[in-house]
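**Q** I am attaching a structure below and will ask some questions about it afterwards.
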Amino acid sequence: MFIDEAKIRVKAGDGGNGCVAFRREKYVPRGGPSGGDGGKGGDIIMESSERHNTLVHFRFNPEYSAQRGRHGEGSNCTGREGEDIVLKVPVGTVVYDEVTGEKIHDFSSADDRMIVARGGRGGRGNAQFATSTHQAPREHEPGRPGEEHTFRLELKLLADVGLVGYPNVGKSTLISRISAARPKIADYPFTTLEPNLGVVAVGQAQEERSFVVADIPGLIEGAHTGSGLGTQFLRHIERTRLLVHLVDISDASGRPNPVQDVKVIMNELESFGAGLEMKPMIMVATKIDVANKDKLAKLKRYCKKEGLDLFPISAVTGKGIDELKYAMAKRVDEVRQTSEVVTQEDI
C-alpha cells in the first residue's frame, strides 16, 4: 500500500519533579538538604531512512509519546532521563506543522536526523536552593512539560526523471522495459494508482551511468484541481530533474489531436504552481508500431516549433528504446552538473 500523506501527533516526555529531602545520618552532623533534580524527558526524533518508501506505518499508528523523566530522589540522586523515540521516515518526506502550516524540515537525504519535539527539563531539587542564609530550603521545582505538536507528513518521491502524460499512453510499459520495475499494466484508465520507481542503467560496466525514473499516474484536464488522481501525485514531479512527456500517436487513445494533448498536460503542470512547466523536457511519441501518420506529423511539427527533442518509440517492439535511454541519461547528467555548479556558487 502506497501512502504518501499522514498526520501524526507527538508528545515529548515531561521532565521529572525535583525532590525535597534532608540528609539525617548518625555520623553526619551537618547533613542539610539533599533533594536531587528530576530527569529530562525523552525527545521525539525523526530520521530519514532508505529502508522505508511509504508513510503507511504512520497512517495506522498516528500518536507517539516519549518517556517522562524520573523524579529526583534523596541523597542528591538525579532522576533518570526519559528514553527518546526515533521515528523513521522515507527519504523525500516533508514535515509541516498542522496548526501553522509552517514547513519544519525536508528530509532530502538519507540518515538525516532532527528533533521535532524536545523533552521537558527536569525540575530542581531543594539542594539547589541552599544558601548560606537559607540552609534548610523546602523549595523545589516541578518538571517542565515536553513539547507537543501535530505534524502533517508529505512524501515527495526522489527521482531524476518523471514520466508524465495522459492515462494509457504507455508510461508503465516504458518503465518496465528500461528498468527492473514491474508495474501493473492494463488497458483501462488509471491502471497506475501509485507511483512506481525504477533504476535505469546505461553504458558499459566500466562507464555505467544510472538514474531513477518515476512512473507518475496519468494526468487529465483539471488535474491541478483534483480531477482524476489530481494533486495527489502531481507533487511527486516537483523533485525530478527531467520530465519525459509521453504522447499516444495511435488511434487507440480516441483523442484526435496529439498537440492538444500536450497543451492540456502542460497547462496542468503550470497550474499546479511549483514551476513544473519550467523543467527540462523530452517528448516521446509512443506506440509507433500502430501509429497514425498524421498524428505523428503534427507532433513533429509542434516539437520542431517549440525546440523540443522528440523520440518515437514502441515499447512493444523495442524500437527507439535505447536511443531514448541514452538521451535521458545525457540530459540528467547535464542537469546534475548545472545543479552542482549553482550549489558551489551559492556556497
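In the C-alpha cells, the first chain shown is A, the next is B, and so on; residue numbers restart at 1 for each chain, and ligands run from 1 in the order shown.
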Would you kindly return, as JSON, numbers by chain, each protein, DNA or RNA residue with an atom no farther than 9 Å from any atom of Val95 (chain A), considering only C-alpha atoms and excluding same-chain residues fewer than 2 positions away?
**A** {"A": [93, 97, 102, 103, 104, 105, 106, 107, 151, 152, 153, 154, 155]}
**Q** Residues as selected, N, CA and C atoms, written as a CSV table (one decimal), in the first residue's frame, can you do that?
**A**
chain,number,residue,atom,x,y,z
A,93,THR,N,10.6,12.9,2.6
A,93,THR,CA,9.5,13.4,3.4
A,93,THR,C,9.6,14.8,3.8
A,97,ASP,N,4.0,21.8,10.1
A,97,ASP,CA,3.2,22.0,11.3
A,97,ASP,C,1.7,22.1,10.9
A,102,GLU,N,3.6,25.8,8.7
A,102,GLU,CA,5.0,26.1,8.5
A,102,GLU,C,5.7,24.8,8.2
A,103,LYS,N,6.7,24.9,7.2
A,103,LYS,CA,7.5,23.7,6.9
A,103,LYS,C,8.6,23.6,7.9
A,104,ILE,N,8.6,22.4,8.6
A,104,ILE,CA,9.5,22.2,9.7
A,104,ILE,C,10.8,21.7,9.2
A,105,HIS,N,10.8,20.7,8.3
A,105,HIS,CA,12.0,20.1,7.8
A,105,HIS,C,11.7,19.3,6.5
A,106,ASP,N,12.7,19.3,5.6
A,106,ASP,CA,12.7,18.5,4.4
A,106,ASP,C,13.8,17.4,4.5
A,107,PHE,N,13.4,16.2,4.6
A,107,PHE,CA,14.3,15.1,4.7
A,107,PHE,C,14.7,14.6,3.2
A,151,PHE,N,1.8,17.1,13.4
A,151,PHE,CA,2.5,17.3,12.1
A,151,PHE,C,1.8,16.7,10.9
A,152,ARG,N,1.9,17.3,9.8
A,152,ARG,CA,1.4,16.7,8.5
A,152,ARG,C,2.6,16.3,7.7
A,153,LEU,N,2.7,15.0,7.3
A,153,LEU,CA,3.8,14.5,6.6
A,153,LEU,C,3.4,14.3,5.1
A,154,GLU,N,4.3,14.8,4.2
A,154,GLU,CA,4.1,14.6,2.8
A,154,GLU,C,5.3,13.9,2.2
A,155,LEU,N,5.1,12.9,1.4
A,155,LEU,CA,6.2,12.2,0.8
A,155,LEU,C,6.3,12.6,-0.7
**Q** Neighbours of region 80-87 of chain A within 6 Å (only C-alpha atoms; same-chain residues fewer than 4 positions away dropped), as a list in words?
**A** Gly39, Lys40, Gly41, Gly42, Asp43, Ile44, Ile45, Met46, Ala66, Gln67, Arg68, Gly69 and Arg70 of chain A
**Q** Skip Arg235 (chain A) itself and residues of its chain fewer than 4 positions away, then list as a list in words all residues within 9 Å of it, counting only C-alpha atoms.
**A** Leu155, Lys156, Leu157, Thr231, Arg239, Phe272 and Ala274 of chain A
**Q** When you count only C-alpha atoms, which of these residues is closest to Asn267 (chain A): A:Cys303, A:Val20, A:Lys298, A:Gly165?
**A**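 The closest residue to Asn267 (chain A) is A:Gly165.
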**Q** Here is a test: counting only C-alpha atoms, which residue of A:Glu268, A:Asp251, A:Val259, A:His245 is nearest to Ala291 (chain A)?
**A**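 Using only C-alpha atoms, the shortest distance to Ala291 (chain A) belongs to A:Asp251.
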**Q** Using only C-alpha atoms, can you tell me which of A:Ser65, A:Ser34, A:Ser253, A:Ser176 comes closest to Phe129 (chain A)?
**A**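 Smallest separation from Phe129 (chain A) among the options: A:Ser34.
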**Q** Can you pull out every residue from region 229-313 of chain A that DSSP, working from the backbone, puts in helix (DSSP H, G or I), and format the result as number ranges by chain?
**A** A: 231-237, 251-253, 258-272, 276-278, 288-290, 293-306
**Q** Would you output that residue set with C-alpha atoms, as an mmCIF file, in the first residue's frame?
**A**
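What follows is the written file part_39.cif:
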data_model
loop_
_atom_site.group_PDB
_atom_site.id
_atom_site.type_symbol
_atom_site.label_atom_id
_atom_site.label_comp_id
_atom_site.auth_asym_id
_atom_site.auth_seq_id
_atom_site.Cartn_x
_atom_site.Cartn_y
_atom_site.Cartn_z
ATOM 1 C CA THR A 231 -2.831 16.773 -6.984
ATOM 2 C CA GLN A 232 -2.344 13.543 -5.058
ATOM 3 C CA PHE A 233 0.574 12.721 -7.373
ATOM 4 C CA LEU A 234 1.473 15.994 -9.095
ATOM 5 C CA ARG A 235 3.736 16.868 -6.164
ATOM 6 C CA HIS A 236 5.897 13.815 -6.889
ATOM 7 C CA ILE A 237 7.096 15.555 -10.056
ATOM 8 C CA ASP A 251 -5.867 5.774 -32.849
ATOM 9 C CA ALA A 252 -6.496 3.809 -29.642
ATOM 10 C CA SER A 253 -6.470 6.945 -27.490
ATOM 11 C CA PRO A 258 -1.792 14.947 -30.031
ATOM 12 C CA VAL A 259 -0.730 18.612 -29.891
ATOM 13 C CA GLN A 260 -3.843 19.398 -27.869
ATOM 14 C CA ASP A 261 -2.952 16.526 -25.524
ATOM 15 C CA VAL A 262 0.461 18.098 -24.959
ATOM 16 C CA LYS A 263 -1.021 21.528 -24.287
ATOM 17 C CA VAL A 264 -3.533 20.135 -21.781
ATOM 18 C CA ILE A 265 -0.828 18.371 -19.759
ATOM 19 C CA MET A 266 1.468 21.413 -19.901
ATOM 20 C CA ASN A 267 -1.367 23.590 -18.642
ATOM 21 C CA GLU A 268 -1.919 21.234 -15.712
ATOM 22 C CA LEU A 269 1.786 21.327 -14.822
ATOM 23 C CA GLU A 270 1.776 25.128 -14.969
ATOM 24 C CA SER A 271 -1.445 25.451 -12.974
ATOM 25 C CA PHE A 272 -0.070 23.306 -10.162
ATOM 26 C CA LEU A 276 6.876 22.165 -13.176
ATOM 27 C CA GLU A 277 6.414 23.581 -16.681
ATOM 28 C CA MET A 278 9.939 25.091 -16.477
ATOM 29 C CA ILE A 288 4.699 3.930 -33.274
ATOM 30 C CA ASP A 289 4.136 0.286 -34.231
ATOM 31 C CA VAL A 290 0.452 1.235 -34.667
ATOM 32 C CA LYS A 293 0.977 9.060 -39.514
ATOM 33 C CA ASP A 294 -0.995 12.309 -39.424
ATOM 34 C CA LYS A 295 -0.763 12.469 -35.619
ATOM 35 C CA LEU A 296 2.965 11.788 -35.737
ATOM 36 C CA ALA A 297 3.478 14.534 -38.333
ATOM 37 C CA LYS A 298 1.529 17.054 -36.232
ATOM 38 C CA LEU A 299 3.572 16.208 -33.153
ATOM 39 C CA LYS A 300 6.862 16.505 -35.049
ATOM 40 C CA ARG A 301 5.915 19.952 -36.356
ATOM 41 C CA TYR A 302 4.952 21.093 -32.840
ATOM 42 C CA CYS A 303 8.198 19.831 -31.277
ATOM 43 C CA LYS A 304 10.296 21.464 -34.006
ATOM 44 C CA LYS A 305 8.486 24.744 -33.465
ATOM 45 C CA GLU A 306 8.957 24.586 -29.658
#
**Q** Would you mind reading off the distance between CA of Ile282 (chain A) and CA of Ile313 (chain A), one decimal, in Å?
**A**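 Those two atoms sit 12.6 Å apart.
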**Q** Work out how far CA of Gly318 (chain A) is from CA of Val161 (chain A), in Å to one decimal.
**A** 19.7 Å
**Q** Which of these residues is nearest to Gly320 (chain A), using only C-alpha atoms: A:Ser250, A:Ala285, A:Asn292, A:Pro167?
**A** A:Ala285
**Q** From the options A:Thr317, A:Asn126, A:Asn196, A:Ser132, which residue's atoms come nearest to Gly18 (chain A), counting only C-alpha atoms?
**A**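 The shortest atom-to-atom distance to Gly18 (chain A) comes from A:Asn126.
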**Q** Choose the residue, out of A:Ala12, A:Ala6, A:Ile175, A:Val202, that has the smallest atom-to-atom separation from Ala117 (chain A); count only C-alpha atoms.
**A** A:Ala12
**Q** To one decimal place, how far is CA of Ile178 (chain A) from CA of Val200 (chain A) in Å?
**A**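 These atoms are spaced 6.0 Å apart.
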**Q** Go through region 97-345 of chain A and collect every residue that DSSP, computed from the backbone, puts in strand (DSSP E); the answer should be as a ChimeraX atom specification.
**A** /A:97,103-107,113-117,148-155,161-164,196-202,209-215,242-248,281-286,310-312
**Q** Selected residues, C-alpha atoms, written as a short mmCIF file (atom, residue, chain, number, x, y, z; two decimals), in the first residue's frame, please.
**A**
data_model
loop_
_atom_site.label_atom_id
_atom_site.label_comp_id
_atom_site.auth_asym_id
_atom_site.auth_seq_id
_atom_site.Cartn_x
_atom_site.Cartn_y
_atom_site.Cartn_z
CA ASP A 97 3.17 21.97 11.34
CA LYS A 103 7.47 23.72 6.88
CA ILE A 104 9.51 22.21 9.69
CA HIS A 105 12.03 20.12 7.75
CA ASP A 106 12.67 18.49 4.40
CA PHE A 107 14.33 15.07 4.67
CA ARG A 113 18.05 13.44 11.92
CA MET A 114 16.04 16.18 13.57
CA ILE A 115 14.47 16.63 17.00
CA VAL A 116 10.85 17.53 16.27
CA ALA A 117 9.70 17.68 19.91
CA GLU A 148 3.54 18.63 21.89
CA HIS A 149 2.85 19.01 18.17
CA THR A 150 0.64 17.78 15.37
CA PHE A 151 2.50 17.31 12.10
CA ARG A 152 1.42 16.68 8.53
CA LEU A 153 3.83 14.49 6.58
CA GLU A 154 4.08 14.57 2.80
CA LEU A 155 6.22 12.20 0.78
CA VAL A 161 13.20 11.52 -14.38
CA GLY A 162 9.42 11.77 -14.17
CA LEU A 163 7.21 10.16 -16.82
CA VAL A 164 4.09 12.26 -17.43
CA ASN A 196 6.49 3.35 -9.46
CA LEU A 197 10.25 3.82 -9.24
CA GLY A 198 12.78 2.11 -11.46
CA VAL A 199 16.57 2.36 -11.75
CA VAL A 200 17.85 2.65 -15.32
CA ALA A 201 21.46 1.81 -16.17
CA VAL A 202 23.15 2.72 -19.47
CA ARG A 209 25.62 5.52 -15.53
CA SER A 210 22.35 5.13 -13.69
CA PHE A 211 19.37 7.28 -12.83
CA VAL A 212 15.99 6.84 -11.18
CA VAL A 213 12.76 7.06 -13.19
CA ALA A 214 9.32 7.62 -11.64
CA ASP A 215 6.17 6.46 -13.41
CA LEU A 242 13.86 15.96 -16.09
CA LEU A 243 10.34 15.35 -17.40
CA VAL A 244 9.66 12.83 -20.16
CA HIS A 245 6.30 13.64 -21.74
CA LEU A 246 4.68 10.63 -23.42
CA VAL A 247 2.09 11.19 -26.16
CA ASP A 248 -0.02 8.42 -27.69
CA MET A 281 11.58 18.08 -21.03
CA ILE A 282 11.91 15.34 -23.62
CA MET A 283 8.93 14.49 -25.82
CA VAL A 284 8.19 10.84 -26.64
CA ALA A 285 5.78 9.60 -29.30
CA THR A 286 4.58 6.19 -28.12
CA LEU A 310 11.16 14.09 -29.96
CA PHE A 311 11.82 10.34 -29.72
CA PRO A 312 9.34 7.99 -31.43
#
**Q** Gln128 (chain A): which residues within 12 Å, counting only C-alpha atoms, same-chain residues fewer than 5 positions away excluded, as a ChimeraX atom specification?
**A** /A:18-21,32-38,72,76,78,123,134-141
**Q** For N, CA and C atoms, I'd like the residues from the last selection saved as a compact mmCIF listing (two decimals), in the first residue's frame.
**A**
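File written: out17.txt
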# COMPACT_ATOMS: atom_id res chain seq x y z
N GLY A 18 11.64 17.92 40.89
CA GLY A 18 12.72 17.97 41.87
C GLY A 18 12.25 17.43 43.21
N CYS A 19 13.18 16.96 44.00
CA CYS A 19 12.84 16.29 45.27
C CYS A 19 13.15 17.20 46.47
N VAL A 20 12.32 17.10 47.51
CA VAL A 20 12.59 17.76 48.79
C VAL A 20 13.02 16.68 49.77
N ALA A 21 14.28 16.73 50.21
CA ALA A 21 14.79 15.73 51.14
C ALA A 21 15.89 16.35 51.99
N GLY A 32 21.93 18.49 56.07
CA GLY A 32 21.34 19.53 55.23
C GLY A 32 20.47 18.98 54.12
N PRO A 33 20.02 19.85 53.22
CA PRO A 33 19.11 19.46 52.13
C PRO A 33 19.82 18.53 51.13
N SER A 34 19.12 17.51 50.67
CA SER A 34 19.75 16.54 49.76
C SER A 34 18.79 16.09 48.65
N GLY A 35 17.80 16.94 48.31
CA GLY A 35 16.85 16.57 47.25
C GLY A 35 17.48 16.71 45.87
N GLY A 36 17.43 15.66 45.08
CA GLY A 36 18.03 15.67 43.74
C GLY A 36 17.11 16.27 42.68
N ASP A 37 17.69 16.58 41.54
CA ASP A 37 16.92 17.13 40.41
C ASP A 37 16.18 16.03 39.66
N GLY A 38 15.09 16.44 39.02
CA GLY A 38 14.37 15.50 38.16
C GLY A 38 15.09 15.28 36.85
N GLY A 72 13.43 13.34 40.95
CA GLY A 72 14.63 13.34 41.76
C GLY A 72 14.42 12.57 43.06
N ASN A 76 20.85 13.47 47.02
CA ASN A 76 21.27 14.18 45.81
C ASN A 76 21.27 13.30 44.56
N THR A 78 19.92 12.36 41.09
CA THR A 78 19.19 12.92 39.96
C THR A 78 18.36 11.84 39.29
N GLY A 123 12.94 19.35 36.97
CA GLY A 123 12.89 20.39 38.00
C GLY A 123 14.04 20.26 38.99
N HIS A 134 20.04 30.56 53.82
CA HIS A 134 18.82 29.77 53.69
C HIS A 134 19.25 28.32 53.61
N GLN A 135 19.55 27.76 54.81
CA GLN A 135 20.23 26.48 54.86
C GLN A 135 19.30 25.28 54.88
N ALA A 136 18.03 25.48 55.03
CA ALA A 136 17.08 24.36 55.05
C ALA A 136 15.91 24.65 54.12
N PRO A 137 16.19 24.83 52.84
CA PRO A 137 15.12 25.19 51.90
C PRO A 137 14.15 24.02 51.69
N ARG A 138 12.91 24.37 51.52
CA ARG A 138 11.90 23.37 51.18
C ARG A 138 11.33 23.61 49.77
N GLU A 139 11.95 24.56 49.07
CA GLU A 139 11.51 24.82 47.71
C GLU A 139 12.00 23.73 46.76
N HIS A 140 11.24 23.49 45.75
CA HIS A 140 11.65 22.59 44.66
C HIS A 140 10.85 22.97 43.42
N GLU A 141 11.29 22.49 42.28
CA GLU A 141 10.62 22.82 41.02
C GLU A 141 9.97 21.58 40.42
